[in-house]
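Student: Okay, handing you the structure first.
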Amino acid sequence: MTVAPPRPVPPRRREHPSISQRAYAERTVKTLTRRKVVNSVMVGLTWVAAVLATLPLLFILFYLLKKGATSLTPAFFTQMPKPIGESGGGMANAIIGTMILVGIATCIGLPIGIGAGLYLAEHKGTKLATIVRFLSDVLNGLPSIVMGIFAWQFIVRPMGHFSAIAGGIALGAMMIPMVTRTTEEMVRLVPTSLREAALALGYTRWRTSLVIVLRTAAAGIVTGALVAIARIAGETAPLFFTALGNQFSSTSLNEPIAALPLQIFHYAISPYDSAHALAWAGAVVLIGLVLIVSIAARFATRARFGNAAD
Amino acid sequence: MTSSVAPPTSDLTAPPGGLAARLEVAGVGDRIYTTVITGFAASIPLLLVFIAVAVGVAAWPALHQFGFSFLTSSTWDPVHGIFGAAPALYGTLVSSILALIIATPLAIGVAIYLSEFAPAWLRQPVSFLVDLLAAVPSVVYGLWGIFVLIPLLRDYVVPFFKDTLRLGSTPLFSGPSYGPSMLAAGIILAIMVLPYISAVSREVLLAVPRAQREAALALGATRWETIWGAVLPYARSGIIGGVILGLGRALGETMAVTMVIGNRHEISASLLAPGYTMASLIANQFTEATGDLHLSALMAVGFTLFVLTLIVNALARWLVWRVSRGPMP
């Protein structure tokens, strides 16, 4: 071991670190302050982002109500459109047309979507399930206009004319992936024990699935289906190439048919104020439908609802 | 399949008949059921194949005649039958990228706020309001764009950029502003893709393990440093997936864009100039297309859009899945 250090050394030692310690401490306080400031600024910015992101919806709703509410008279729902440029009139034919189109779409999209969803939930691990799950997400993100030109090429062109049925099929095809994914998620929530109990009681597999499992998941599936319906009811682009629109009242599936979104579009780009007023009123109806369904859906499945609109 | 299975006595809806008959019915029923739902499931890949084939076949004459110049030429002349979709391709890309530049920081900001800072009672309502943006029909956005957003841009925002910030001489803000423009389309698209990016980002952020945050906090990191250093890197590929998903939506969005972009088939560097996107080109000209070649050219635009969105969507889903649902095989 070495001898104790000579006297002059300890003071130097004591002095030296104490200086650097002070500098260090000062620097630390400075960085700490800076870090705290950065922290508060960034936290504040996320707060601002949250406010900014909720503003557009409120802004849109505000204008819809301001401009559309006055035109939302009983006549809007019961009368036919007047020749363009004349004031008054309603969108009765478009409302009926949209109902018919959505009806056809639901008849196609719902059974196929639920069936495919059941497959995905019951055959989780298979190769087909993986592919279908992935592709249904991809299909979900496909632009609706692509679905429109597909339906035109596939149905309208061979038939030789635009028709309600073609519009319904295009919308139905869009509905399939949405319903599929909701059904899958809802069916997966059904406890395995329930399925096993039914099978143990001698239920066949298909009856277990259709009677026990599907009924248990029904609330969720209906909710998902309603959200999908609200979604396709507002679709415009595919109808351009299929249902086309109609100034007259038609309920024939083989004829072009009017639809609310199409009518809103035509009125919006027309130069007449009266038409604009009707467009705003139509938009209120459309968004009212979407809002009611979304809010109802949210309350119906409050437990697991992260993506009401997705 | 033993014969000792006792038929359930409480099952009143069971088909009549002896055990053998029931088993037979059961087997047939199960087989039918499995076939039907497998068929329904297989209809989704089939639908995609059908779309690709139908649109591809219709697009073939134009693609065959113009080849690669279809994507690079900017002549769109139905009268002489010369078609090049470069301006539409350009408009699609520029409006979508503009939308992402506006929407991404906002969307990630909301997602961080909702997953990290929001008080519990605010979390659900705010995410609901943001999600609801995705449910607003595109034509309603278009209507709002024509009558509210465009006047707002023309009267306040553009003068602000041009006069107050003196950006009028830069290429981005040069030229007169009539209203319908690339800028309006970008802003509308930003609002429309915001909910997609924020929903995916939120889910991915919530999927980041708590331990990840706690470890960073325990080391003395501030909350922001925790997010920046420990949470965001973990969620990065999922968030990128969400952004690309938003890109897919923006690329194919039709109605709202058609209503506000001005529909002019020209490439202009200025954001204030009107433009075209692939989707709005199809929507605008389809019903008026006269010649077969014109129609085929529009189909070719549709096919390009289809391929583009297919790639973008597949990429996005793959990225999101890698984070939140385990690796894809």
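Following the order of the structure tokens, chains are lettered A, B, ..., residues in each are numbered from 1, and ligands are numbered from 1.
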Return as CSV the residues of region 48-148 of chain B lying at most 10 Å from region 271-293 of chain A, together with the closest atom-to-atom pair for each and the distance in Å to one decimal, counting only C-alpha atoms, with rows in chain order and ascending residue number.
Tutor:
residue,atom,partner,partner_atom,distance
B:Leu132,CA,A:Leu291,CA,7.9
B:Ala135,CA,A:Val290,CA,6.7
B:Val136,CA,A:Ile287,CA,6.4
B:Pro137,CA,A:Ile287,CA,7.3
B:Val139,CA,A:Ala283,CA,8.1
B:Val140,CA,A:Ala283,CA,5.8
B:Tyr141,CA,A:Ala283,CA,9.4
B:Leu143,CA,A:Trp280,CA,7.6
B:Trp144,CA,A:Trp280,CA,8.8
B:Phe147,CA,A:His276,CA,9.2
Student: Can I get the selected residues back with C-alpha atoms, as a compact mmCIF listing (two decimals), in the first residue's frame?
Tutor:
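The result, stored in again.txt:
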# COMPACT_ATOMS: atom_id res chain seq x y z
CA LEU B 132 -66.55 9.48 -37.60
CA ALA B 135 -67.94 7.66 -42.18
CA VAL B 136 -68.83 10.97 -43.81
CA PRO B 137 -69.78 10.23 -47.42
CA VAL B 139 -69.97 13.49 -51.81
CA VAL B 140 -70.70 15.42 -48.61
CA TYR B 141 -67.02 16.32 -48.36
CA LEU B 143 -70.27 19.62 -51.29
CA TRP B 144 -68.60 21.16 -48.27
CA PHE B 147 -69.25 25.86 -50.87
Student: Set the distance at 7 Å and use only C-alpha atoms: which residues neighbour region 211-215 of chain A once local chain neighbours fewer than 2 positions away are removed? I'd like the list as a list in words.
Tutor: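 Surrounding residues, per the criterion: Val187, Val190, Arg195, Arg207, Thr208, Ser209, Ala217 and Ala218 of chain A.
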Student: Keeping C-alpha atoms, export the residues of the selection given above as a PDB file, in the first residue's frame.
Tutor:
ATOM      1  CA  VAL A 187     -67.686 -14.861 -34.008  1.00  0.00           C
ATOM      2  CA  VAL A 190     -68.107 -16.396 -28.864  1.00  0.00           C
ATOM      3  CA  ARG A 195     -69.689 -24.277 -29.205  1.00  0.00           C
ATOM      4  CA  ARG A 207     -76.371 -26.176 -36.793  1.00  0.00           C
ATOM      5  CA  THR A 208     -73.973 -25.246 -34.019  1.00  0.00           C
ATOM      6  CA  SER A 209     -72.510 -22.554 -36.227  1.00  0.00           C
ATOM      7  CA  ALA A 217     -72.719 -13.032 -32.145  1.00  0.00           C
ATOM      8  CA  ALA A 218     -75.822 -11.585 -33.792  1.00  0.00           C
TER       9      ALA A 218
END
Student: Give me the residues within 8 Å of region 194-211 of chain B as a ChimeraX atom specification, counting only C-alpha atoms and dropping any in the same chain fewer than 4 places off.
Tutor: /A:53,306-307,310 /B:103-104,106-108,110-112,114-115,127,130-134,190,215,231-232,234-235,238-239,241-243,245-246,320,323-324
Student: Please produce a file of the residues just selected, as a JSON list (two decimals), in the first residue's frame, where the atoms kept are C-alpha atoms.
Tutor:
[["chain", "number", "residue", "atom", "x", "y", "z"],
["A", 53, "ALA", "CA", -58.49, 16.74, -35.70],
["A", 306, "GLY", "CA", -62.27, 1.20, -31.18],
["A", 307, "ASN", "CA", -63.11, 1.71, -34.82],
["A", 310, "ASP", "CA", -63.60, 1.71, -39.91],
["B", 103, "ALA", "CA", -52.66, 14.72, -42.18],
["B", 104, "THR", "CA", -49.77, 12.61, -40.89],
["B", 106, "LEU", "CA", -51.99, 15.64, -37.01],
["B", 107, "ALA", "CA", -53.04, 12.01, -37.04],
["B", 108, "ILE", "CA", -49.98, 10.80, -35.15],
["B", 110, "VAL", "CA", -54.00, 12.66, -31.99],
["B", 111, "ALA", "CA", -52.99, 9.03, -31.69],
["B", 112, "ILE", "CA", -50.25, 9.88, -29.18],
["B", 114, "LEU", "CA", -55.25, 9.43, -27.11],
["B", 115, "SER", "CA", -52.95, 6.59, -26.20],
["B", 127, "SER", "CA", -61.50, 8.89, -30.89],
["B", 130, "VAL", "CA", -62.11, 11.42, -35.31],
["B", 131, "ASP", "CA", -63.27, 7.99, -36.49],
["B", 132, "LEU", "CA", -66.55, 9.48, -37.60],
["B", 133, "LEU", "CA", -64.67, 11.49, -40.21],
["B", 134, "ALA", "CA", -64.19, 8.23, -42.07],
["B", 190, "ALA", "CA", -56.12, 15.28, -45.69],
["B", 215, "ALA", "CA", -38.44, 1.15, -18.46],
["B", 231, "VAL", "CA", -42.76, 3.96, -27.80],
["B", 232, "LEU", "CA", -42.62, 5.40, -31.31],
["B", 234, "TYR", "CA", -41.52, 0.18, -31.28],
["B", 235, "ALA", "CA", -44.66, 1.21, -33.17],
["B", 238, "GLY", "CA", -47.30, -0.03, -37.79],
["B", 239, "ILE", "CA", -47.59, 3.73, -38.00],
["B", 241, "GLY", "CA", -48.48, 1.07, -42.36],
["B", 242, "GLY", "CA", -51.26, 3.40, -41.26],
["B", 243, "VAL", "CA", -49.84, 6.25, -43.28],
["B", 245, "LEU", "CA", -53.15, 2.89, -45.75],
["B", 246, "GLY", "CA", -54.17, 6.54, -45.77],
["B", 320, "VAL", "CA", -49.69, -3.18, -39.77],
["B", 323, "VAL", "CA", -46.83, -5.14, -35.53],
["B", 324, "SER", "CA", -50.28, -5.89, -34.19]]
Student: Considering only C-alpha atoms, give me a table of residues in chain A that are at most 7 Å from chain B, with the closest atom pair and distance in Å for each, as JSON lines.
Tutor:
{"residue": "A:Asn39", "atom": "CA", "partner": "B:Trp224", "partner_atom": "CA", "distance": 5.0}
{"residue": "A:Met42", "atom": "CA", "partner": "B:Trp224", "partner_atom": "CA", "distance": 6.7}
{"residue": "A:Val43", "atom": "CA", "partner": "B:Trp224", "partner_atom": "CA", "distance": 6.8}
{"residue": "A:Thr46", "atom": "CA", "partner": "B:Gly109", "partner_atom": "CA", "distance": 4.5}
{"residue": "A:Trp47", "atom": "CA", "partner": "B:Tyr113", "partner_atom": "CA", "distance": 6.2}
{"residue": "A:Ala49", "atom": "CA", "partner": "B:Leu106", "partner_atom": "CA", "distance": 5.0}
{"residue": "A:Ala50", "atom": "CA", "partner": "B:Val110", "partner_atom": "CA", "distance": 4.6}
{"residue": "A:Ala53", "atom": "CA", "partner": "B:Val130", "partner_atom": "CA", "distance": 6.5}
{"residue": "A:Thr54", "atom": "CA", "partner": "B:Val130", "partner_atom": "CA", "distance": 5.7}
{"residue": "A:Leu57", "atom": "CA", "partner": "B:Leu133", "partner_atom": "CA", "distance": 6.2}
{"residue": "A:Ile60", "atom": "CA", "partner": "B:Trp144", "partner_atom": "CA", "distance": 6.8}
{"residue": "A:Ile112", "atom": "CA", "partner": "B:Phe40", "partner_atom": "CA", "distance": 5.3}
{"residue": "A:Gly115", "atom": "CA", "partner": "B:Ile37", "partner_atom": "CA", "distance": 4.8}
{"residue": "A:Ala116", "atom": "CA", "partner": "B:Ala41", "partner_atom": "CA", "distance": 4.0}
{"residue": "A:Leu118", "atom": "CA", "partner": "B:Ile37", "partner_atom": "CA", "distance": 7.0}
{"residue": "A:Tyr119", "atom": "CA", "partner": "B:Ile37", "partner_atom": "CA", "distance": 5.6}
{"residue": "A:Val132", "atom": "CA", "partner": "B:Pro45", "partner_atom": "CA", "distance": 6.3}
{"residue": "A:Leu135", "atom": "CA", "partner": "B:Pro45", "partner_atom": "CA", "distance": 6.4}
{"residue": "A:Ser136", "atom": "CA", "partner": "B:Ile44", "partner_atom": "CA", "distance": 6.3}
{"residue": "A:Val138", "atom": "CA", "partner": "B:Asn313", "partner_atom": "CA", "distance": 5.6}
{"residue": "A:Gly141", "atom": "CA", "partner": "B:Asn313", "partner_atom": "CA", "distance": 6.4}
{"residue": "A:Leu142", "atom": "CA", "partner": "B:Thr309", "partner_atom": "CA", "distance": 6.4}
{"residue": "A:Pro143", "atom": "CA", "partner": "B:Gly252", "partner_atom": "CA", "distance": 4.6}
{"residue": "A:Ile145", "atom": "CA", "partner": "B:Thr254", "partner_atom": "CA", "distance": 6.8}
{"residue": "A:Val146", "atom": "CA", "partner": "B:Gly302", "partner_atom": "CA", "distance": 6.2}
{"residue": "A:Phe150", "atom": "CA", "partner": "B:Ile51", "partner_atom": "CA", "distance": 5.6}
{"residue": "A:Gln153", "atom": "CA", "partner": "B:Ala54", "partner_atom": "CA", "distance": 6.4}
{"residue": "A:Phe154", "atom": "CA", "partner": "B:Ala54", "partner_atom": "CA", "distance": 6.6}
{"residue": "A:Leu201", "atom": "CA", "partner": "B:Pro8", "partner_atom": "CA", "distance": 6.1}
{"residue": "A:Gly202", "atom": "CA", "partner": "B:Pro8", "partner_atom": "CA", "distance": 6.3}
{"residue": "A:Thr204", "atom": "CA", "partner": "B:Ala26", "partner_atom": "CA", "distance": 5.8}
{"residue": "A:Arg205", "atom": "CA", "partner": "B:Asp30", "partner_atom": "CA", "distance": 6.0}
{"residue": "A:Trp206", "atom": "CA", "partner": "B:Asp30", "partner_atom": "CA", "distance": 5.3}
{"residue": "A:Arg231", "atom": "CA", "partner": "B:Ala135", "partner_atom": "CA", "distance": 6.4}
{"residue": "A:Gly234", "atom": "CA", "partner": "B:Pro137", "partner_atom": "CA", "distance": 4.9}
{"residue": "A:Glu235", "atom": "CA", "partner": "B:Pro137", "partner_atom": "CA", "distance": 6.6}
{"residue": "A:Thr236", "atom": "CA", "partner": "B:Val139", "partner_atom": "CA", "distance": 6.8}
{"residue": "A:Ala237", "atom": "CA", "partner": "B:Met255", "partner_atom": "CA", "distance": 6.3}
{"residue": "A:Pro261", "atom": "CA", "partner": "B:Val139", "partner_atom": "CA", "distance": 6.4}
{"residue": "A:Phe265", "atom": "CA", "partner": "B:Val139", "partner_atom": "CA", "distance": 6.4}
{"residue": "A:Ala268", "atom": "CA", "partner": "B:Leu143", "partner_atom": "CA", "distance": 6.1}
{"residue": "A:Ala283", "atom": "CA", "partner": "B:Val140", "partner_atom": "CA", "distance": 5.8}
{"residue": "A:Ile287", "atom": "CA", "partner": "B:Val136", "partner_atom": "CA", "distance": 6.4}
{"residue": "A:Val290", "atom": "CA", "partner": "B:Ala135", "partner_atom": "CA", "distance": 6.7}
{"residue": "A:Asn307", "atom": "CA", "partner": "B:Asp131", "partner_atom": "CA", "distance": 6.5}
{"residue": "A:Ala308", "atom": "CA", "partner": "B:Asp131", "partner_atom": "CA", "distance": 6.6}
{"residue": "A:Ala309", "atom": "CA", "partner": "B:Ala135", "partner_atom": "CA", "distance": 5.4}
{"residue": "A:Asp310", "atom": "CA", "partner": "B:Ala134", "partner_atom": "CA", "distance": 6.9}
Student: Convert the current residue selection to file output with N, CA and C atoms, as a compact mmCIF listing (two decimals), in the first residue's frame.
Tutor:
# COMPACT_ATOMS: atom_id res chain seq x y z
N ASN A 39 -40.54 18.69 -23.37
CA ASN A 39 -41.62 17.79 -22.99
C ASN A 39 -42.97 18.50 -23.01
N MET A 42 -44.09 19.44 -26.59
CA MET A 42 -44.57 18.33 -27.40
C MET A 42 -45.90 17.79 -26.90
N VAL A 43 -46.02 17.72 -25.56
CA VAL A 43 -47.31 17.26 -25.02
C VAL A 43 -48.41 18.22 -25.43
N THR A 46 -49.47 17.63 -29.03
CA THR A 46 -50.39 16.51 -29.26
C THR A 46 -51.81 16.94 -28.88
N TRP A 47 -51.88 17.79 -27.87
CA TRP A 47 -53.17 18.31 -27.44
C TRP A 47 -53.79 19.15 -28.56
N ALA A 49 -53.09 18.90 -31.70
CA ALA A 49 -53.46 17.98 -32.79
C ALA A 49 -54.83 17.38 -32.54
N ALA A 50 -55.09 17.01 -31.28
CA ALA A 50 -56.38 16.41 -30.96
C ALA A 50 -57.51 17.40 -31.23
N ALA A 53 -57.94 17.90 -35.00
CA ALA A 53 -58.49 16.74 -35.70
C ALA A 53 -59.98 16.60 -35.49
N THR A 54 -60.48 17.11 -34.37
CA THR A 54 -61.92 16.99 -34.15
C THR A 54 -62.67 18.17 -34.77
N LEU A 57 -64.87 17.79 -38.39
CA LEU A 57 -66.18 17.17 -38.31
C LEU A 57 -67.22 18.16 -37.80
N ILE A 60 -67.94 20.69 -40.46
CA ILE A 60 -68.79 20.17 -41.53
C ILE A 60 -70.23 20.05 -41.05
N ILE A 112 -72.95 -13.42 -48.14
CA ILE A 112 -71.59 -13.81 -48.53
C ILE A 112 -70.59 -13.35 -47.46
N GLY A 115 -70.97 -15.55 -44.35
CA GLY A 115 -70.41 -16.88 -44.64
C GLY A 115 -68.89 -16.86 -44.61
N ALA A 116 -68.33 -15.88 -45.32
CA ALA A 116 -66.87 -15.80 -45.37
C ALA A 116 -66.31 -15.52 -43.98
N LEU A 118 -67.64 -16.45 -41.12
CA LEU A 118 -67.70 -17.71 -40.37
C LEU A 118 -66.53 -18.61 -40.76
N TYR A 119 -66.25 -18.66 -42.05
CA TYR A 119 -65.13 -19.49 -42.49
C TYR A 119 -63.83 -19.04 -41.83
N VAL A 132 -57.58 -15.11 -47.52
CA VAL A 132 -58.85 -14.40 -47.60
C VAL A 132 -58.85 -13.19 -46.66
N LEU A 135 -56.67 -10.54 -48.22
CA LEU A 135 -57.24 -9.95 -49.43
C LEU A 135 -58.52 -9.17 -49.14
N SER A 136 -59.26 -9.58 -48.10
CA SER A 136 -60.47 -8.82 -47.81
C SER A 136 -60.10 -7.44 -47.27
N VAL A 138 -57.39 -5.90 -48.25
CA VAL A 138 -56.94 -5.20 -49.46
C VAL A 138 -58.15 -4.72 -50.26
N GLY A 141 -59.77 -1.66 -49.09
CA GLY A 141 -59.09 -0.41 -49.37
C GLY A 141 -59.12 -0.03 -50.85
N LEU A 142 -59.73 -0.89 -51.65
CA LEU A 142 -59.77 -0.61 -53.09
C LEU A 142 -60.69 0.58 -53.36
N PRO A 143 -60.28 1.49 -54.24
CA PRO A 143 -61.14 2.65 -54.51
C PRO A 143 -62.50 2.22 -55.05
N ILE A 145 -64.29 3.61 -57.09
CA ILE A 145 -64.46 3.85 -58.53
C ILE A 145 -63.99 2.64 -59.33
N VAL A 146 -63.01 1.92 -58.78
CA VAL A 146 -62.55 0.71 -59.46
C VAL A 146 -63.66 -0.33 -59.45
N PHE A 150 -65.45 -1.88 -62.75
CA PHE A 150 -65.55 -3.34 -62.84
C PHE A 150 -66.99 -3.76 -63.10
N GLN A 153 -68.04 -2.98 -66.66
CA GLN A 153 -67.47 -3.91 -67.62
C GLN A 153 -68.13 -5.27 -67.52
N PHE A 154 -68.47 -5.65 -66.31
CA PHE A 154 -68.92 -7.01 -66.04
C PHE A 154 -70.42 -7.17 -66.23
N LEU A 201 -73.98 -31.85 -27.05
CA LEU A 201 -75.39 -32.20 -26.97
C LEU A 201 -75.89 -32.87 -28.24
N GLY A 202 -74.99 -33.04 -29.19
CA GLY A 202 -75.36 -33.75 -30.40
C GLY A 202 -75.73 -32.85 -31.55
N THR A 204 -75.18 -30.89 -34.81
CA THR A 204 -74.19 -31.03 -35.88
C THR A 204 -73.42 -29.72 -35.97
N ARG A 205 -72.29 -29.78 -36.68
CA ARG A 205 -71.45 -28.60 -36.76
C ARG A 205 -72.17 -27.42 -37.40
N TRP A 206 -72.89 -27.72 -38.48
CA TRP A 206 -73.50 -26.60 -39.20
C TRP A 206 -74.59 -25.94 -38.37
N ARG A 231 -72.35 3.00 -44.80
CA ARG A 231 -71.20 3.35 -45.60
C ARG A 231 -71.51 3.31 -47.08
N GLY A 234 -73.81 5.97 -48.86
CA GLY A 234 -73.25 7.26 -49.24
C GLY A 234 -72.32 7.19 -50.44
N GLU A 235 -72.11 5.99 -50.97
CA GLU A 235 -71.19 5.84 -52.09
C GLU A 235 -71.75 6.44 -53.36
N THR A 236 -70.93 7.18 -54.06
CA THR A 236 -71.37 7.82 -55.30
C THR A 236 -70.66 7.25 -56.51
N ALA A 237 -69.35 7.13 -56.40
CA ALA A 237 -68.53 6.81 -57.56
C ALA A 237 -68.98 5.54 -58.29
N PRO A 261 -76.88 10.07 -53.19
CA PRO A 261 -75.55 10.68 -53.39
C PRO A 261 -75.36 11.24 -54.80
N PHE A 265 -74.65 15.14 -55.86
CA PHE A 265 -73.53 15.54 -56.72
C PHE A 265 -74.02 16.42 -57.88
N ALA A 268 -75.05 19.76 -56.63
CA ALA A 268 -73.94 20.57 -56.11
C ALA A 268 -73.18 21.25 -57.23
N ALA A 283 -77.55 16.16 -48.25
CA ALA A 283 -76.36 15.82 -47.47
C ALA A 283 -76.71 15.65 -46.00
N ILE A 287 -75.93 12.29 -44.00
CA ILE A 287 -75.04 12.27 -42.84
C ILE A 287 -75.83 11.93 -41.58
N VAL A 290 -75.82 8.23 -41.46
CA VAL A 290 -74.52 7.72 -41.03
C VAL A 290 -74.32 7.94 -39.53
N ASN A 307 -63.05 1.18 -33.45
CA ASN A 307 -63.11 1.71 -34.82
C ASN A 307 -64.52 1.67 -35.38
N ALA A 308 -65.37 2.51 -34.83
CA ALA A 308 -66.76 2.54 -35.25
C ALA A 308 -66.90 2.76 -36.74
N ALA A 309 -66.03 3.62 -37.25
CA ALA A 309 -66.24 4.01 -38.63
C ALA A 309 -65.36 3.23 -39.58
N ASP A 310 -64.57 2.36 -39.06
CA ASP A 310 -63.60 1.71 -39.91
C ASP A 310 -64.16 0.48 -40.60
Student: Residues of region 77-285 of chain A in helix (DSSP H, G or I) according to DSSP, as a ChimeraX atom specification?
Tutor: /A:77-78,92-122,127-140,144-159,164-188,192-200,205-216,218-233,237-240,260-269,273-285
Student: Could you please determine the separation between CA of Val29 (chain A) and CA of Glu214 (chain B) in Å, to one decimal place?
Tutor: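 Interatomic distance here is 23.4 Å.
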Student: At what distance in Å, to one decimal, does CA of Thr130 (chain A) lie from CA of Ser193 (chain A)?
Tutor: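 According to the coordinates, CA of Ser193 (chain A) and CA of Thr130 (chain A) are separated by 24.4 Å.
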Student: Find the residues near Glu184 (chain A): any atom within 9 Å, counting only C-alpha atoms, skip ones fewer than 3 places away on the same chain, and give them as an NGL selection string.
Tutor: :A and (114 or 116-122 or 179-181 or 187-189 or 221)
Student: From region 57-236 of chain B, collect each residue whose DSSP state is strand (DSSP E) and return the set as a ChimeraX atom specification.
Tutor: /B:76-77,82-83
Student: Kindly save the residues from that selection, with N, CA and C atoms included, as a PDB file, in the first residue's frame.
Tutor:
ATOM      1  N   TRP B  76     -54.059  14.424 -74.076  1.00  0.00           N
ATOM      2  CA  TRP B  76     -55.306  13.673 -73.904  1.00  0.00           C
ATOM      3  C   TRP B  76     -56.270  14.238 -74.925  1.00  0.00           C
ATOM      4  N   ASP B  77     -56.304  13.595 -76.074  1.00  0.00           N
ATOM      5  CA  ASP B  77     -57.040  14.160 -77.193  1.00  0.00           C
ATOM      6  C   ASP B  77     -58.030  13.127 -77.750  1.00  0.00           C
ATOM      7  N   ILE B  82     -55.561  10.230 -79.204  1.00  0.00           N
ATOM      8  CA  ILE B  82     -54.237  10.112 -78.583  1.00  0.00           C
ATOM      9  C   ILE B  82     -54.414  10.306 -77.084  1.00  0.00           C
ATOM     10  N   PHE B  83     -53.934   9.345 -76.309  1.00  0.00           N
ATOM     11  CA  PHE B  83     -54.183   9.418 -74.878  1.00  0.00           C
ATOM     12  C   PHE B  83     -52.921   9.218 -74.068  1.00  0.00           C
TER      13      PHE B  83
END
Student: Select, from B:Pro180, B:Gly81, B:Gly262, B:Pro119, the residue with the minimum atom-to-atom distance to Thr290 (chain B), counting only C-alpha atoms.
Tutor: B:Gly81
